[in-house]
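Notes for the one structure printed next.
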Amino acid sequence: MKNSYSNIFTFNKKTLKKTVNYLKKSNVVGLPTETVYGLGGNAYSKNSIMKIFQMKARPKFNPLIIHYYNFNDAKKDIITNKYFFKLYKKFCPGPITFILKKKANSNVHPFSLAKLKTVAVRFPKHKILRSILKEIDFPLAMPSANKSSGVSPVSAEDVYEEFQKKISLIIDGGVSKIGIESTVVDLTSYPKILRPGRIDKNSIEKTLKLKINKDIRSRGIKSPGMTKKHYSPGIPVLINQKKYDGKSAFIYLGKKFKNKKNFFSLSKDQNLNIAASNLYKTFRLIKKKGYKKIQIAKIPNKGSGVAINDRIKRASNS
Ligand code: AMP
Ligand code: MG
């Protein structure tokens, strides 16, 4: 137990056992990953999947990412190809999700796939999560641990803020290092990036030795959960802002407005990886401070900036 939160636990042998037992009984657990915190459940169990969708109030058509310890565990569920192996070797475990065709005899419950014939698989890097995945003989279906369409949590306390006592176990694994969701790559045919993330287009192209189509909107029905509004802090978000309106919270890069009230820098050195890791933290802080609106300055559209722009664009659709 941690501080005043009776359902947040530090990780040790005892809580590992507790977590494994919970998961085996088809309960859902708040778990740390290097991207954001997840709401994890047994991907082979209908009960677990139903609980996840219900807790998040997530639309049934939005499939879940399935998390494995390694390829050996995943191979019974997915049909692989050369693109997968190259990216797996280079980036896994890490913040990248692959959309692959599902094997006909896969046990992944159809509800977690929104009845699609594809599976989204990820091999997370977070040490705590890996030790849990190693202990169980099923993969974890795990979306971000927040109410559908809201801001993803990057700490155990954020998960508590989302679900309070409606979740009985949250494992504290510190603040998520990457801070935004994984890069999602569709590998069912010619590779496509469905959701940008820390692993950017350039590094994927370099690894695969090919060019990826720039237009991530050409995702069609492949990824049903990705077109709607998302990542919303619950107050209006305005992007590409040049002029401060005098009352909103203003998010920017750099240190031009250092120590100035209402101004929030995502990275004083304008480092886009750091900026991405601070985005959701900053959204939550601004919301807590009671601001009614967020203005965001233009963010360079390269590296992790592409991921930031994707998230803030959709946050602005609220
Ligand atoms: P989230 O769980 O909110 O981080 O989002 C996961 C994203 O991965 C969703 O927006 C889905 O659209 C996408 N996704 C998950 N499973 C599949 C799948 N089987 N096929 C295509 N896209 C998927
Ligand atoms: Mg999410």
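Numbering starts fresh at 1 for the residues of each chain in the structure tokens, the chains themselves are lettered A, B, ... in the order given, and ligands are numbered from 1 as they appear.
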
7 Å shell around ligand 1 using only C-alpha atoms and all ligand atoms, listed as a ChimeraX atom specification: /A:62-65,99,113,116-120,142-144,181,184,222-226

When you look at stretch 299-314 of chain A with a cut-off of 8 Å (counting only C-alpha atoms), what residues show up, excluding the ones that are within fewer than 2 positions of it in the same chain? I need them as a list in words. Arg195, Pro196, Gly197, Arg198, Ile199, Asp200, Lys201, Asn202, Lys228, Lys229, His230, Tyr231, Ser232, Val237, Ile239, Asn240, Tyr252, Leu253, Leu272, Asn273, Ala276, Leu279, Ala297, Ser316, Asn317 and Ser318 of chain A

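Of the residues listed (A:Ser152, A:Ser267, A:Asn27, A:Ser112), A:Ser152 shows the shortest atom-to-atom separation from ligand 2; distances use only C-alpha atoms and all ligand atoms.
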
List the spatial neighbours of A:Gly30 as number ranges by chain - criterion: any atom at most 8 Å away, only C-alpha atoms, same-chain residues fewer than 2 positions off excluded. A: 28, 32, 37-40, 145, 156, 159, 167, 169-171

Write to file, as a PDB file, in the first residue's frame, the residues of the selection just made, with C-alpha atoms.
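Saved result, selection_27.pdb, follows:
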```
ATOM      1  CA  VAL A  28      -8.277  -6.307 -14.233  1.00  0.00           C
ATOM      2  CA  PRO A  32       2.920   0.341 -15.464  1.00  0.00           C
ATOM      3  CA  TYR A  37      -0.200   2.925 -17.582  1.00  0.00           C
ATOM      4  CA  GLY A  38      -2.490   0.156 -18.736  1.00  0.00           C
ATOM      5  CA  LEU A  39      -5.612  -1.613 -17.579  1.00  0.00           C
ATOM      6  CA  GLY A  40      -4.547  -5.220 -18.006  1.00  0.00           C
ATOM      7  CA  ALA A 145      -5.889   2.921 -17.865  1.00  0.00           C
ATOM      8  CA  ALA A 156      -0.086   5.054 -10.495  1.00  0.00           C
ATOM      9  CA  VAL A 159      -4.731   5.635 -12.619  1.00  0.00           C
ATOM     10  CA  ILE A 167     -10.022  -0.867  -9.354  1.00  0.00           C
ATOM     11  CA  LEU A 169      -5.039  -3.236  -7.572  1.00  0.00           C
ATOM     12  CA  ILE A 170      -2.686  -0.700  -9.134  1.00  0.00           C
ATOM     13  CA  ILE A 171       1.019  -1.512  -9.319  1.00  0.00           C
TER      14      ILE A 171
END
```

Give the answer as one residue: which of A:Asn146, A:Ser277, A:Gln270, A:Ser168 has the shortest atom-to-atom distance to ligand 2, using only C-alpha atoms and all ligand atoms? A:Asn146

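Across the model, the gap from atom CA of A:Asn81 to atom CA of A:Leu140 is 22.5 Å.
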
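Residues within 12 Å of A:Lys25, counting only C-alpha atoms and excluding same-chain residues fewer than 2 positions away, are Lys18, Thr19, Val20, Asn21, Tyr22, Leu23, Asn27, Val28, Val29, Gly41, Asn42, Tyr44, Ser45, Lys46, Asn47, Ser48 and Ile136 of chain A.
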
DSSP strand (DSSP E or B) residues within stretch 128-250 of chain A, as a PyMOL selection string: chain A and resi 140-141+144+150+170-172+183-186+192-195+232+237-241+249-250

Name the residues of stretch 253-299 of chain A that fall into helix (DSSP H, G or I) according to DSSP on the backbone, using the chain letters and numbers of this document, as a PyMOL selection string. chain A and resi 272-288

Written selection (N, CA and C atoms) as a PDB file, in the first residue's frame:
```pdb
ATOM      1  N   LEU A 272      12.110  17.012 -28.254  1.00  0.00           N
ATOM      2  CA  LEU A 272      10.763  16.526 -28.572  1.00  0.00           C
ATOM      3  C   LEU A 272      10.409  15.223 -27.849  1.00  0.00           C
ATOM      4  N   ASN A 273      11.407  14.398 -27.543  1.00  0.00           N
ATOM      5  CA  ASN A 273      11.133  13.179 -26.765  1.00  0.00           C
ATOM      6  C   ASN A 273      10.680  13.549 -25.352  1.00  0.00           C
ATOM      7  N   ILE A 274      11.405  14.497 -24.764  1.00  0.00           N
ATOM      8  CA  ILE A 274      11.023  14.949 -23.416  1.00  0.00           C
ATOM      9  C   ILE A 274       9.657  15.627 -23.463  1.00  0.00           C
ATOM     10  N   ALA A 275       9.453  16.426 -24.497  1.00  0.00           N
ATOM     11  CA  ALA A 275       8.167  17.125 -24.641  1.00  0.00           C
ATOM     12  C   ALA A 275       7.020  16.115 -24.697  1.00  0.00           C
ATOM     13  N   ALA A 276       7.199  15.046 -25.481  1.00  0.00           N
ATOM     14  CA  ALA A 276       6.147  14.031 -25.595  1.00  0.00           C
ATOM     15  C   ALA A 276       5.887  13.397 -24.235  1.00  0.00           C
ATOM     16  N   SER A 277       6.962  13.142 -23.484  1.00  0.00           N
ATOM     17  CA  SER A 277       6.794  12.478 -22.183  1.00  0.00           C
ATOM     18  C   SER A 277       6.105  13.400 -21.172  1.00  0.00           C
ATOM     19  N   ASN A 278       6.129  14.698 -21.429  1.00  0.00           N
ATOM     20  CA  ASN A 278       5.498  15.636 -20.491  1.00  0.00           C
ATOM     21  C   ASN A 278       4.089  16.067 -20.882  1.00  0.00           C
ATOM     22  N   LEU A 279       3.636  15.643 -22.068  1.00  0.00           N
ATOM     23  CA  LEU A 279       2.357  16.150 -22.581  1.00  0.00           C
ATOM     24  C   LEU A 279       1.171  15.835 -21.661  1.00  0.00           C
ATOM     25  N   TYR A 280       0.964  14.552 -21.353  1.00  0.00           N
ATOM     26  CA  TYR A 280      -0.210  14.175 -20.558  1.00  0.00           C
ATOM     27  C   TYR A 280      -0.104  14.671 -19.119  1.00  0.00           C
ATOM     28  N   LYS A 281       1.126  14.658 -18.592  1.00  0.00           N
ATOM     29  CA  LYS A 281       1.367  15.192 -17.256  1.00  0.00           C
ATOM     30  C   LYS A 281       0.905  16.642 -17.196  1.00  0.00           C
ATOM     31  N   THR A 282       1.267  17.387 -18.235  1.00  0.00           N
ATOM     32  CA  THR A 282       0.937  18.810 -18.293  1.00  0.00           C
ATOM     33  C   THR A 282      -0.572  19.010 -18.458  1.00  0.00           C
ATOM     34  N   PHE A 283      -1.213  18.194 -19.293  1.00  0.00           N
ATOM     35  CA  PHE A 283      -2.677  18.260 -19.439  1.00  0.00           C
ATOM     36  C   PHE A 283      -3.353  18.072 -18.081  1.00  0.00           C
ATOM     37  N   ARG A 284      -2.915  17.055 -17.345  1.00  0.00           N
ATOM     38  CA  ARG A 284      -3.542  16.763 -16.046  1.00  0.00           C
ATOM     39  C   ARG A 284      -3.312  17.901 -15.049  1.00  0.00           C
ATOM     40  N   LEU A 285      -2.088  18.433 -15.044  1.00  0.00           N
ATOM     41  CA  LEU A 285      -1.754  19.524 -14.131  1.00  0.00           C
ATOM     42  C   LEU A 285      -2.626  20.754 -14.418  1.00  0.00           C
ATOM     43  N   ILE A 286      -2.757  21.086 -15.693  1.00  0.00           N
ATOM     44  CA  ILE A 286      -3.540  22.253 -16.101  1.00  0.00           C
ATOM     45  C   ILE A 286      -5.009  22.085 -15.692  1.00  0.00           C
ATOM     46  N   LYS A 287      -5.505  20.877 -15.911  1.00  0.00           N
ATOM     47  CA  LYS A 287      -6.895  20.581 -15.541  1.00  0.00           C
ATOM     48  C   LYS A 287      -7.086  20.748 -14.032  1.00  0.00           C
ATOM     49  N   LYS A 288      -6.128  20.246 -13.262  1.00  0.00           N
ATOM     50  CA  LYS A 288      -6.201  20.332 -11.796  1.00  0.00           C
ATOM     51  C   LYS A 288      -6.157  21.763 -11.313  1.00  0.00           C
TER      52      LYS A 288
END
```

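Relative to atom CA of A:Val154, atom CA of A:Ser248 is found at 23.6 Å.
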